[in-house]
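Asker: Right, I'll just put the structure down here and ask away after.
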Amino acid sequence: MDKKKTMLSGEIASAALRESFVKLDPRIMMRNPVMFVVEIGFLVTLLLCFVPDAFGGTVPRWFNIVTTVILLLTLLFANFAEALAEGRGKAQADSLKKTKQDISANKVSSSGAIKVVPASELRKGDFVVVEAGELIPGDGEVVEGLASVDESAITGESAPVIKEAGGDFSSVTGGTKVVSDKIKVRISADPGESFLDRMISLVEGAKRQKTPNEIALNTVLVSLTLIFLIVVVTLPFLSDFLGIQMEIPILIALLVCLIPTTIGGLLSAIGIAGMDRVTQFNVLAMSGKAVEASGDINTIILDKTGTITFGNRMASEFVPVKAIREEETAYWAAISSLKDETPEGRSVLELMKKNGFPYDEKLGEGGEFIEFQAETRMSGIDLPDGRQVRKGAVDSVKQWVRSQGGSVPDDLDDGSSAIATAGGTPLAVAVDNRIYGLIHLKDTVKPGMRERFEQMRRMGIKTIMCTGDNPLTAATIAREAGVDDFIAESKPEDKIAVIRREQAEGKLVAMTGDGTNDAPALAQADVGIAMNSGTVAAKEAANMVDLDSDPSKIIEVVAIGKQLLMTRGALTTFSIANDVAKYFAIIPAMFMVAIPQMQTLNIMRLDSPLSAILSALIFNAIIIPLLIPLAMKGVAYKPMSTSRLLGKNLLIYGFGGLVAPFIGIKLIDLAVQVFI
Amino acid sequence: MTTISILAIVVTLLIVVLLAKPVGLYLAAAFDYAPNRLNRIYGPVERIIYKISGIREDNQSWKMYAASLIGSNAVMILIVYLVLRFQGMLPLNPAGIANMEPSLAFNTAISFMANTDLQHYSGESGVSYLSQASVLVFAMFVSPATGLALVMAFIRGLTGKAAGNFFVDLIRGLTRVLLPVAFVSALLFVFMGVPQTFEPAATATTLEGAQQTIARGPIASFLAIKEVGNNGGGFLGVNSAHPFENPSGLSNLLQILLMMLVTSALPFAYGKMAGSIKQGRVLFVSMLMMLIIMTTLSLTAESAGNPALNNLGIQHEQGSMEGKEVRFGEAQSAFYSVITTAAETGAVNTMHDTLTPIGGMVPLANMMLNTVFGGMGVGFVNVLMYAIIAVFLSGLMVGRTPEFLGRKIEGKEMKLIAVTLLVQPFLILVPTAIALATNPETISNPGFHGLTQALYEFTSAAANNGSGFEGLGDATTFWNVSTGIVMFLGRYISMVTLLAVAGSLAAKKPIPESSGTFRTDTAMFGAVFVGIVLIVGALTFFPALVLGPIAEQLTL
């Protein structure tokens with residue numbers, strides 16, 4: 001996805017720049033109450049630039065002009081942040097739209113005749129035929145045939161995937177390309193409702209709704225804004241009693257500095273960027289709410305096969321029988337697998353390499369490979385010298401050896417049941433009438449999974465593994481992977497039962513799935529991530545679709561959700577903490593002329609009242625663009641205990657927010673006083 | 001300031017700390033609906049009261065609870081108003097005191113029912129014995145009982161229980177808390193020399209042969225409920241500065257302990273009800289820290305004396321003694337001013353008007369924050385509101401939808417809290433601005449001190465404290481009506497909104513605690529809580545304080 005990541009190009013930035021002026025329209029501005037207050041302040045100071053004594057003020061005209069410019073910049077900075085976040089989505093949408101253009105479809109009419117029509121004329125239920133080299137005209141399900149499909153337009157993954165009628169790999173997406181063979185597809189979406197259409201509107205942010213948490217935070221910001229409005233509006237009455245005249249532009253400057261413009265200006269950018277991060281991660285979230293909810297997940301339900309383990313059994317150990325050395329067992333196990341292309345066979349040779357056991361590859365040359373068959377339940381090789389080497393199910397091998405007059409070592413059964421108890425599958429290895437020992441086949445946990453589950457435990461997330469295996473095998477894998485709980489011999493309806501049970505305890509549950517039988521559970525889960533390779537039903541039911549079809553990605557999605565909330569919290573704290581320094585800049589400045597002793601409160605020793613006020617205002621404005629990268633990237637998140645995380649963020653954004661403006665305003669003042 | 005006077009304050013605080021937990025556990029049990037020992041003891045008596053007054057003991061919905069609270073309080077305000085208006089014609093009026101004029105009666109009725117006791121009259125001459133001993137004392141019992149009912153219902157909501165029944169809670173507050181404590185402490189006050197009589201004022205002949213009228217009356221009983229109910233209204237005009245209302249250091253100590261008794265215990269009651277004492281302890285310690293900061297600030301300012309006088313070379317080893325009683329000294333006077341505003345009682349043993357500017361700012365700040373323990377019940381509800389805000393911000397900072405006691409804080413709660421947050425700044429700053437602009441002639445001082453007078457009056461009214469900065473010509477229609485409205489809104493708006501928050505939270509499914517849960521029983525949470533209270537408070541009132549006490553101090 002490097003292509004998408006580098007899209008923060010000059011083009012987007014210049015489009016965002018134009019957009020920031022368009023967004024000055026009060027009708028758009030009104031959606032953001034904090035910035036709307038700034039805009040009203042801007043309009044008043046703008047008026048004062050032309051009519052300086054409109055309210056009987058005595059501040060110099062240049063001060064009004066400078067204030068007006070800073071306020072305008074404050075507004076533009078905030079708009080720019082939002083436009084930039086939106087722009088990145090739009091660029092993505094544009095490249096998707098290109099894919100969509102001018103596809104024609106080979107529609108199959110009820111009589112069976114094929115007619116070429118534009119894709120936009122296709123309706124739900126129509127049948128189309130797509131051949132190699134053609135684009136699939138719409139979302140649908142393969143009803144006939146098998147084809148490899150290049151889905152890179154959507155997933156960015158260039159390796160084609162196999163789609164076939166029936167089963168869990170039958171769904172195809174409009175805009176993707178068939179690279180070999182031919183399939184018949186039943187269209188499952190009307191134009192405008194296809195996956196691609198939804199994706200475009202999502203990344204464009206057109207349908208973006210404020211998420212619950214964003215609404216809650218916005219309420220707090222509006223409340224703070226109103227409080228400061230009360231403070232600033234009442235202030236001239238208080239000072240009037242003391243015979244001190246207040247200047248309108250200075251009051252506006254105070255108001256703008258106090259209201260939470262930093263977070264107010266960045267709030268929607270944070271939300272959009274959060275969605276965007278998910279998209280860049282190749283996960284398509286159907287709503288911002290789902291992304292937010294993923295940060296709150298208490299329980300994750302994961303399929304064992306394909307998510308936690310590789311799903312195929314791999315050799316993990318050679319178990320010799322009496323009077324045989326381990327190397328010998330291994331040697332024949334390897335010989336039996338020389339021409340075995342199954343994952344199990346290959347894993348035997350890999351284990352040899354890992355253990356450093358020698359074997360003679362040449363021995364197999366000219367030998368005949370005996371493929372695994374359901375009846376024999378063995379595979380192996382007939383060597384040119386006539387020796388027959390076999391590996392397979394213990395019972396079958398025993399029988400095979402006995403039929404040749406061999407005997408079964410008496411410790412074989414102990415060994416095989418020990419492997420079974422440990423959750424593995426035993427394979428016996430034999431040459432002609434002699435059994436050499438056992439291969440311990442194990443479902444192997446993917447590397448790094450254990451650490452991830454460890455991380456999740458630290459984040460307070462419980463992991464539950466679902467598997468069709470027997471409880472013994474399931475327990476072993478669960479222990480090895482380090483999941484908290486497992487459901488063995490699980491049926492699709494078990495998943496939904498587990499989700500309901502967890503939800504009844506008030507927990508939020510996430511799960512991944514791809515099959516049609518996962519759809520109800522995906523719908524029931526608070527965060528359901530469907531694999532793009534999965535069925536249409538699964539994708540419809542989920543609130544996120546993983547375009548890479550990597551089920552373990554759910555873990556990153558949780559981190560992104562948390563990051564989204566953290567970024568909001570951190571910038572809110574920062575914004576509010578900033579006010580302390582701004583007060584110490586502006587309040588003494590406001591009254592210093594009338595009450596010279598106020599100099600005591602001028603702890604930053606700012607040069608003059610006007611420079612102090614301008615410095616605070618400038619700081620207030622430029623902090624917004626300075627924080628845009630943080631709003632876009634999100635606050636760094638590493639799984640750790642909540643109290644440590646809070647301590648760290650409080651130190652950086654709380655304490656930092658308290659101190660930073662004291663330094664920043666002082667520095668700006670040093671520069672500003674040169675011009676005054 | 002002498003070591004012994006500091007020691008006396010430390011010992012007083014120590015007693016407060018020691019009493020808090022046992023009293024808190026008692027309160028939790030007293031308002032528990034499950035059968036327990038207290039219910040067996042008080043039950044029979046209370047059931048008679050329920051029977052007579054037709055109270056059914058079943059749970060109310062949150063809306064019903066709030067409606068019962070507001071409705072019954074409104075009716076009682078009306079009763080108090082009518083008695084005050086017609087006290088001249090009613091019995092028990094040996095001094096022949098006239099009917100109270102409408103705006104003053106409006107103010108006084110709200111004032112006593114809103115647990116404020118802002119008195120724009122002087123007790124000796126403004127109200128009859130009937131008014132004092134019946135309706136005012138009645139209101140002084142019912143309003144703290146209302147506050148107690150509120151806090152109990154609120155805590156029940158936070159912990160996911162049903163609201164309970166307002167009338168049952170109200171009666172329990174009276175029978176199990178206020179009446180027993182008031183009865184015992186009234187006896188103690190009598191023992192300390194506080195008068196308790198229905199005889200009219202005594203006339204004495206002084207040594208010079210002049211005739212002096214000495215006001216007296218049923219002061220001890222009035223005093224007891226004044227303190228334990230965080231009412232603060234004095235029987236006599238100068239309140240607890242009068243030798244009959246506060247004869248000695250011992251009675252002063254008892255008054256301070258009574259003011260703090262319930263409000264300092266509520267965090268522990270809350271902890272008990274929430275199933276973890278630690279939850280309450282962290283809030284108790286946070287508030288205690290704020291109280292200690294305020295006390296230190298006040299004592300430092302008062303003991304430094306007035307710099308203007310110090311510069312003249314006037315001896316100030318006793319600190320600033322202007323407006324203080326010699327029998328208490330500057331330490332106990334300053335401490336009393338801190339406690340009476342922390343606990344939103346409003347009783348005074350010194351004239352706050354004559355405190356040094358910074359010494360006067362401390363009581364003002366206590367009332368503005370309204371979370372340094374705060375008044376009977378309402379203070380702690382306010383504290384819990386700030387705790388919810390602290391949870392909201394901290395929750396975001398650790399990347400989770402914030403939850404408090406396992407319940408999610410979402411848009412609805414934050415909307416209600418956002419409205420509640422606006423009430424205090426609005427009710428303090430807007431009327432102050434109006435008063436300064438329209439009624440400057442009623443303010444006795446020019447300049448910064450005059451501004452502080454008006455600011456103090458409305459802060460005291462909005463926080464339902466009731467102490468006065470004095471020096472204000474506040475017995476005018478403007479002040480009576482404006483502070484009356486402020487007291488009413490200051491008390492009842494937040495009661496309704498916060499009960500709605502409790503109702504909304506109670507309906508939520510609790511989320512089990514995990515290692516990802518943000519804990520609210522840690523020192524870190526206490527620090528965030530104090531930080532938010534101080535920053536929000538400071539940001540809201542800093543400009544007003546700069547123009548009032550701070551400018552006054554700077555220009556001395």
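All residue names refer to the structure tokens as shown: chains lettered A, B, ... in order, residues numbered from 1 in each chain, ligands numbered from 1 in order.
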Residues of chain B within 7 Å of chain A, counting only C-alpha atoms - could you list those as a tab-separated table (two decimals) with N, CA and C atoms, in the first residue's frame?

Answerer:
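Done, and the output landed in out21.tsv:
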```tsv
chain	number	residue	atom	x	y	z
B	393	LEU	N	-12.18	12.62	30.50
B	393	LEU	CA	-10.91	13.02	29.88
B	393	LEU	C	-9.85	11.93	30.01
B	394	SER	N	-9.75	11.34	31.20
B	394	SER	CA	-8.73	10.30	31.38
B	394	SER	C	-9.04	9.11	30.52
B	396	LEU	N	-10.50	9.03	27.66
B	396	LEU	CA	-10.07	9.30	26.30
B	396	LEU	C	-8.55	9.15	26.20
B	397	MET	N	-7.86	9.62	27.24
B	397	MET	CA	-6.40	9.61	27.13
B	397	MET	C	-5.83	8.20	27.19
B	398	VAL	N	-6.59	7.24	27.66
B	398	VAL	CA	-6.09	5.86	27.58
B	398	VAL	C	-6.79	5.09	26.47
B	399	GLY	N	-7.53	5.81	25.63
B	399	GLY	CA	-8.07	5.17	24.44
B	399	GLY	C	-9.28	4.29	24.66
B	400	ARG	N	-10.11	4.63	25.62
B	400	ARG	CA	-11.35	3.86	25.80
B	400	ARG	C	-12.51	4.80	25.96
B	401	THR	N	-13.69	4.37	25.52
B	401	THR	CA	-14.87	5.14	25.87
B	401	THR	C	-14.92	5.15	27.38
B	410	GLU	N	-21.42	8.61	28.10
B	410	GLU	CA	-21.61	8.87	26.68
B	410	GLU	C	-22.24	10.25	26.47
B	411	GLY	N	-22.65	10.48	25.24
B	411	GLY	CA	-23.17	11.79	24.86
B	411	GLY	C	-24.25	12.33	25.79
B	414	MET	N	-22.87	13.50	29.10
B	414	MET	CA	-22.01	14.67	28.94
B	414	MET	C	-22.83	15.91	28.60
B	415	LYS	N	-23.92	15.73	27.89
B	415	LYS	CA	-24.78	16.89	27.59
B	415	LYS	C	-25.35	17.46	28.88
B	418	ALA	N	-22.65	19.10	30.77
B	418	ALA	CA	-22.24	20.35	30.13
B	418	ALA	C	-23.18	21.48	30.55
B	422	LEU	N	-22.39	24.91	33.17
B	422	LEU	CA	-22.63	26.30	32.81
B	422	LEU	C	-23.32	27.08	33.92
B	425	PRO	N	-20.94	29.34	36.60
B	425	PRO	CA	-20.39	30.59	36.05
B	425	PRO	C	-21.47	31.59	35.66
B	426	PHE	N	-22.54	31.07	35.06
B	426	PHE	CA	-23.61	31.97	34.63
B	426	PHE	C	-24.22	32.68	35.83
B	429	LEU	N	-21.37	35.16	37.46
B	429	LEU	CA	-20.79	36.29	36.71
B	429	LEU	C	-21.84	37.22	36.12
B	430	VAL	N	-22.91	36.64	35.57
B	430	VAL	CA	-23.90	37.51	34.92
B	430	VAL	C	-24.60	38.43	35.94
B	433	ALA	N	-22.25	41.15	37.06
B	433	ALA	CA	-22.11	42.20	36.05
B	433	ALA	C	-23.32	43.12	36.08
B	436	LEU	N	-23.26	45.33	39.28
B	436	LEU	CA	-22.24	46.38	39.22
B	436	LEU	C	-22.67	47.49	38.27
B	437	ALA	N	-23.34	47.08	37.19
B	437	ALA	CA	-23.72	48.08	36.20
B	437	ALA	C	-24.94	48.88	36.63
B	447	GLY	N	-14.18	50.62	43.96
B	447	GLY	CA	-13.00	49.88	43.49
B	447	GLY	C	-13.08	48.38	43.68
B	448	PHE	N	-11.89	47.80	43.83
B	448	PHE	CA	-11.75	46.34	43.84
B	448	PHE	C	-12.56	45.68	44.95
B	509	LYS	N	-25.96	-1.06	31.29
B	509	LYS	CA	-25.42	-2.35	31.70
B	509	LYS	C	-23.98	-2.15	32.15
B	510	PRO	N	-23.65	-2.61	33.35
B	510	PRO	CA	-22.27	-2.40	33.80
B	510	PRO	C	-21.29	-3.25	32.99
B	511	ILE	N	-20.12	-2.69	32.78
B	511	ILE	CA	-19.07	-3.40	32.06
B	511	ILE	C	-18.12	-3.98	33.09
B	512	PRO	N	-17.81	-5.25	32.98
B	512	PRO	CA	-16.92	-5.82	33.99
B	512	PRO	C	-15.54	-5.18	33.92
B	514	SER	N	-11.65	-4.82	33.73
B	514	SER	CA	-10.53	-5.60	33.19
B	514	SER	C	-9.27	-4.79	33.40
B	515	SER	N	-8.15	-5.34	32.97
B	515	SER	CA	-6.91	-4.60	33.18
B	515	SER	C	-6.87	-3.38	32.28
B	516	GLY	N	-7.77	-3.32	31.29
B	516	GLY	CA	-7.83	-2.15	30.43
B	516	GLY	C	-8.70	-1.04	30.99
B	517	THR	N	-9.43	-1.37	32.08
B	517	THR	CA	-10.32	-0.39	32.67
B	517	THR	C	-9.50	0.70	33.34
B	518	PHE	N	-9.97	1.93	33.19
B	518	PHE	CA	-9.31	3.02	33.87
B	518	PHE	C	-9.80	3.03	35.31
B	540	THR	N	-12.45	29.75	34.85
B	540	THR	CA	-13.73	30.44	34.84
B	540	THR	C	-13.68	31.75	35.62
B	543	PRO	N	-10.36	35.94	35.81
B	543	PRO	CA	-10.46	37.39	35.54
B	543	PRO	C	-11.20	38.14	36.64
B	554	LEU	N	-2.66	43.55	45.37
B	554	LEU	CA	-1.50	44.14	44.67
B	554	LEU	C	-1.38	45.63	44.90
B	555	THR	N	-2.52	46.28	45.09
B	555	THR	CA	-2.47	47.73	45.20
B	555	THR	C	-2.43	48.23	46.64
```

Asker: Counting only C-alpha atoms, which of A:Lys398, A:Arg479, A:Arg501, A:Lys90 gets nearest to Thr299 (chain A)?

Answerer: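 Nearest to Thr299 (chain A): A:Arg501.
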
Asker: Apply DSSP to the backbone of this structure and, from region 95-151 of chain A, keep only the residues in alpha helix (DSSP H); write these as a ChimeraX atom specification.

Answerer: /A:95-100

Asker: Can those selected residues be exported to a file as a compact mmCIF listing (two decimals), in the first residue's frame so that it contains N, CA and C atoms?

Answerer:
```txt
# COMPACT_ATOMS: atom_id res chain seq x y z
N SER A 95 -8.94 7.37 -7.28
CA SER A 95 -8.29 6.25 -7.97
C SER A 95 -9.24 5.07 -8.06
N LEU A 96 -10.15 4.97 -7.10
CA LEU A 96 -11.15 3.90 -7.18
C LEU A 96 -12.14 4.18 -8.29
N LYS A 97 -12.51 5.45 -8.41
CA LYS A 97 -13.50 5.81 -9.41
C LYS A 97 -12.99 5.47 -10.82
N LYS A 98 -11.70 5.67 -11.02
CA LYS A 98 -11.12 5.37 -12.33
C LYS A 98 -11.38 3.91 -12.68
N THR A 99 -11.25 3.05 -11.70
CA THR A 99 -11.48 1.63 -11.92
C THR A 99 -12.90 1.39 -12.41
N LYS A 100 -13.79 2.19 -11.91
CA LYS A 100 -15.20 1.93 -12.13
C LYS A 100 -15.66 2.26 -13.53
```

Asker: Step one, run DSSP on the backbone; step two, keep only residues of region 259-422 of chain B assigned to strand (DSSP E); then write them as a list in words.

Answerer: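 Matching residues, listed in order: Glu403, Phe404, Arg407 and Lys408 of chain B.
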
Asker: Just write the chosen residues, N, CA and C atoms, as a PDB file, in the first residue's frame.

Answerer:
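As a result, part.pdb now contains:
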```pdb
ATOM      1  N   GLU B 403     -15.548   5.074  31.244  1.00  0.00           N
ATOM      2  CA  GLU B 403     -16.566   4.442  32.078  1.00  0.00           C
ATOM      3  C   GLU B 403     -16.299   4.760  33.542  1.00  0.00           C
ATOM      4  N   PHE B 404     -17.393   4.947  34.290  1.00  0.00           N
ATOM      5  CA  PHE B 404     -17.287   5.277  35.713  1.00  0.00           C
ATOM      6  C   PHE B 404     -18.073   4.218  36.468  1.00  0.00           C
ATOM      7  N   ARG B 407     -19.863   1.972  34.221  1.00  0.00           N
ATOM      8  CA  ARG B 407     -20.905   2.460  33.318  1.00  0.00           C
ATOM      9  C   ARG B 407     -20.348   3.477  32.354  1.00  0.00           C
ATOM     10  N   LYS B 408     -20.712   3.325  31.096  1.00  0.00           N
ATOM     11  CA  LYS B 408     -20.136   4.198  30.064  1.00  0.00           C
ATOM     12  C   LYS B 408     -20.651   5.618  30.162  1.00  0.00           C
TER      13      LYS B 408
END
```

Asker: I'd like the contact shell of region 161-176 of chain A - 10 Å cut-off, only C-alpha atoms, skipping same-chain residues fewer than 5 positions apart - returned as a compact mmCIF listing (two decimals) with N, CA and C atoms, in the first residue's frame.

Answerer:
```
# COMPACT_ATOMS: atom_id res chain seq x y z
N LEU A 96 -10.15 4.97 -7.10
CA LEU A 96 -11.15 3.90 -7.18
C LEU A 96 -12.14 4.18 -8.29
N LYS A 97 -12.51 5.45 -8.41
CA LYS A 97 -13.50 5.81 -9.41
C LYS A 97 -12.99 5.47 -10.82
N LYS A 98 -11.70 5.67 -11.02
CA LYS A 98 -11.12 5.37 -12.33
C LYS A 98 -11.38 3.91 -12.68
N THR A 99 -11.25 3.05 -11.70
CA THR A 99 -11.48 1.63 -11.92
C THR A 99 -12.90 1.39 -12.41
N LYS A 100 -13.79 2.19 -11.91
CA LYS A 100 -15.20 1.93 -12.13
C LYS A 100 -15.66 2.26 -13.53
N GLN A 101 -14.89 3.20 -14.15
CA GLN A 101 -15.38 3.75 -15.41
C GLN A 101 -15.55 2.71 -16.51
N ILE A 103 -17.11 0.05 -17.63
CA ILE A 103 -17.02 -1.41 -17.71
C ILE A 103 -18.22 -1.87 -18.51
N ALA A 119 -22.15 -1.67 -17.61
CA ALA A 119 -22.30 -2.23 -16.26
C ALA A 119 -23.36 -1.49 -15.46
N GLU A 134 -11.14 -9.67 -18.66
CA GLU A 134 -12.25 -8.73 -18.50
C GLU A 134 -12.40 -8.31 -17.04
N LEU A 135 -13.02 -7.13 -16.88
CA LEU A 135 -13.31 -6.66 -15.51
C LEU A 135 -14.68 -7.21 -15.10
N ILE A 136 -14.78 -7.58 -13.85
CA ILE A 136 -16.07 -8.04 -13.33
C ILE A 136 -16.96 -6.80 -13.19
N PRO A 137 -18.14 -6.79 -13.80
CA PRO A 137 -18.91 -5.55 -13.88
C PRO A 137 -19.60 -5.13 -12.58
N GLY A 138 -19.75 -6.03 -11.65
CA GLY A 138 -20.43 -5.63 -10.41
C GLY A 138 -20.21 -6.67 -9.34
N ASP A 139 -20.60 -6.32 -8.10
CA ASP A 139 -20.49 -7.28 -7.01
C ASP A 139 -21.39 -8.47 -7.29
N GLY A 140 -20.93 -9.62 -6.91
CA GLY A 140 -21.78 -10.75 -7.12
C GLY A 140 -21.18 -12.04 -6.60
N GLU A 141 -21.83 -13.12 -7.01
CA GLU A 141 -21.42 -14.41 -6.51
C GLU A 141 -21.18 -15.32 -7.70
N VAL A 142 -20.09 -16.06 -7.66
CA VAL A 142 -19.81 -16.98 -8.76
C VAL A 142 -20.80 -18.13 -8.68
N VAL A 143 -21.50 -18.38 -9.79
CA VAL A 143 -22.45 -19.49 -9.76
C VAL A 143 -21.96 -20.66 -10.60
N GLU A 144 -21.01 -20.36 -11.47
CA GLU A 144 -20.48 -21.42 -12.31
C GLU A 144 -19.02 -21.16 -12.56
N GLY A 145 -18.21 -22.22 -12.53
CA GLY A 145 -16.83 -22.10 -12.95
C GLY A 145 -15.86 -21.69 -11.86
N LEU A 146 -14.62 -21.53 -12.25
CA LEU A 146 -13.54 -21.19 -11.35
C LEU A 146 -12.60 -20.28 -12.11
N ALA A 147 -12.13 -19.23 -11.45
CA ALA A 147 -11.22 -18.32 -12.16
C ALA A 147 -10.27 -17.70 -11.17
N SER A 148 -9.12 -17.28 -11.66
CA SER A 148 -8.27 -16.49 -10.78
C SER A 148 -8.54 -15.02 -11.07
N VAL A 149 -8.64 -14.27 -9.99
CA VAL A 149 -9.06 -12.88 -10.10
C VAL A 149 -8.01 -11.98 -9.49
N ASP A 150 -7.69 -10.91 -10.22
CA ASP A 150 -6.74 -9.93 -9.71
C ASP A 150 -7.54 -8.85 -8.97
N GLU A 151 -7.40 -8.80 -7.66
CA GLU A 151 -8.19 -7.84 -6.86
C GLU A 151 -7.35 -6.64 -6.45
N SER A 152 -6.24 -6.42 -7.13
CA SER A 152 -5.33 -5.38 -6.66
C SER A 152 -5.96 -3.99 -6.65
N ALA A 153 -6.96 -3.78 -7.50
CA ALA A 153 -7.60 -2.46 -7.53
C ALA A 153 -8.17 -2.11 -6.16
N ILE A 154 -8.62 -3.12 -5.45
CA ILE A 154 -9.23 -2.87 -4.16
C ILE A 154 -8.26 -3.15 -3.02
N THR A 155 -7.53 -4.24 -3.14
CA THR A 155 -6.72 -4.65 -2.01
C THR A 155 -5.29 -4.17 -2.09
N ILE A 183 -15.94 -17.31 -15.59
CA ILE A 183 -16.94 -17.57 -14.55
C ILE A 183 -18.27 -16.93 -14.91
N LYS A 184 -19.30 -17.52 -14.36
CA LYS A 184 -20.63 -16.91 -14.48
C LYS A 184 -20.96 -16.34 -13.11
N VAL A 185 -21.40 -15.09 -13.11
CA VAL A 185 -21.61 -14.38 -11.85
C VAL A 185 -23.05 -13.91 -11.74
N ARG A 186 -23.64 -14.11 -10.55
CA ARG A 186 -24.95 -13.50 -10.31
C ARG A 186 -24.71 -12.17 -9.59
N ILE A 187 -25.19 -11.10 -10.18
CA ILE A 187 -24.97 -9.76 -9.62
C ILE A 187 -25.78 -9.62 -8.33
N SER A 188 -25.14 -9.08 -7.28
CA SER A 188 -25.84 -9.01 -5.99
C SER A 188 -26.09 -7.57 -5.53
N ALA A 189 -25.71 -6.58 -6.33
CA ALA A 189 -25.97 -5.20 -5.89
C ALA A 189 -26.42 -4.36 -7.07
N SER A 194 -22.97 -0.83 -4.84
CA SER A 194 -21.94 -1.86 -4.82
C SER A 194 -20.88 -1.54 -3.79
N PHE A 195 -20.09 -2.53 -3.57
CA PHE A 195 -19.00 -2.41 -2.61
C PHE A 195 -18.10 -1.23 -2.97
N LEU A 196 -17.78 -1.12 -4.24
CA LEU A 196 -16.90 -0.06 -4.70
C LEU A 196 -17.54 1.32 -4.46
N ASP A 197 -18.85 1.39 -4.74
CA ASP A 197 -19.55 2.65 -4.52
C ASP A 197 -19.50 3.05 -3.05
N ASP A 514 -15.41 -15.29 7.61
CA ASP A 514 -15.51 -15.15 6.17
C ASP A 514 -16.66 -15.95 5.56
N GLY A 515 -17.10 -16.98 6.24
CA GLY A 515 -18.11 -17.84 5.65
C GLY A 515 -19.51 -17.27 5.82
N THR A 516 -20.43 -17.77 4.99
CA THR A 516 -21.82 -17.36 5.12
C THR A 516 -22.35 -17.72 6.50
N ASN A 517 -21.88 -18.87 7.02
CA ASN A 517 -22.38 -19.26 8.32
C ASN A 517 -21.80 -18.39 9.45
N ASN A 532 -12.27 -10.06 2.88
CA ASN A 532 -12.70 -9.72 1.53
C ASN A 532 -12.85 -10.96 0.68
N SER A 533 -12.06 -11.99 1.01
CA SER A 533 -12.15 -13.24 0.26
C SER A 533 -13.43 -13.99 0.59
N GLY A 534 -14.11 -13.54 1.62
CA GLY A 534 -15.27 -14.27 2.11
C GLY A 534 -16.51 -14.04 1.27
N THR A 535 -17.63 -14.54 1.76
CA THR A 535 -18.86 -14.47 1.00
C THR A 535 -19.50 -13.09 1.12
N VAL A 536 -20.40 -12.81 0.20
CA VAL A 536 -21.12 -11.55 0.21
C VAL A 536 -21.89 -11.39 1.52
N ALA A 537 -22.51 -12.49 1.95
CA ALA A 537 -23.31 -12.43 3.17
C ALA A 537 -22.46 -12.00 4.35
N ALA A 538 -21.25 -12.53 4.44
CA ALA A 538 -20.37 -12.19 5.54
C ALA A 538 -20.01 -10.71 5.47
N LYS A 539 -19.74 -10.22 4.27
CA LYS A 539 -19.33 -8.82 4.13
C LYS A 539 -20.48 -7.87 4.45
```
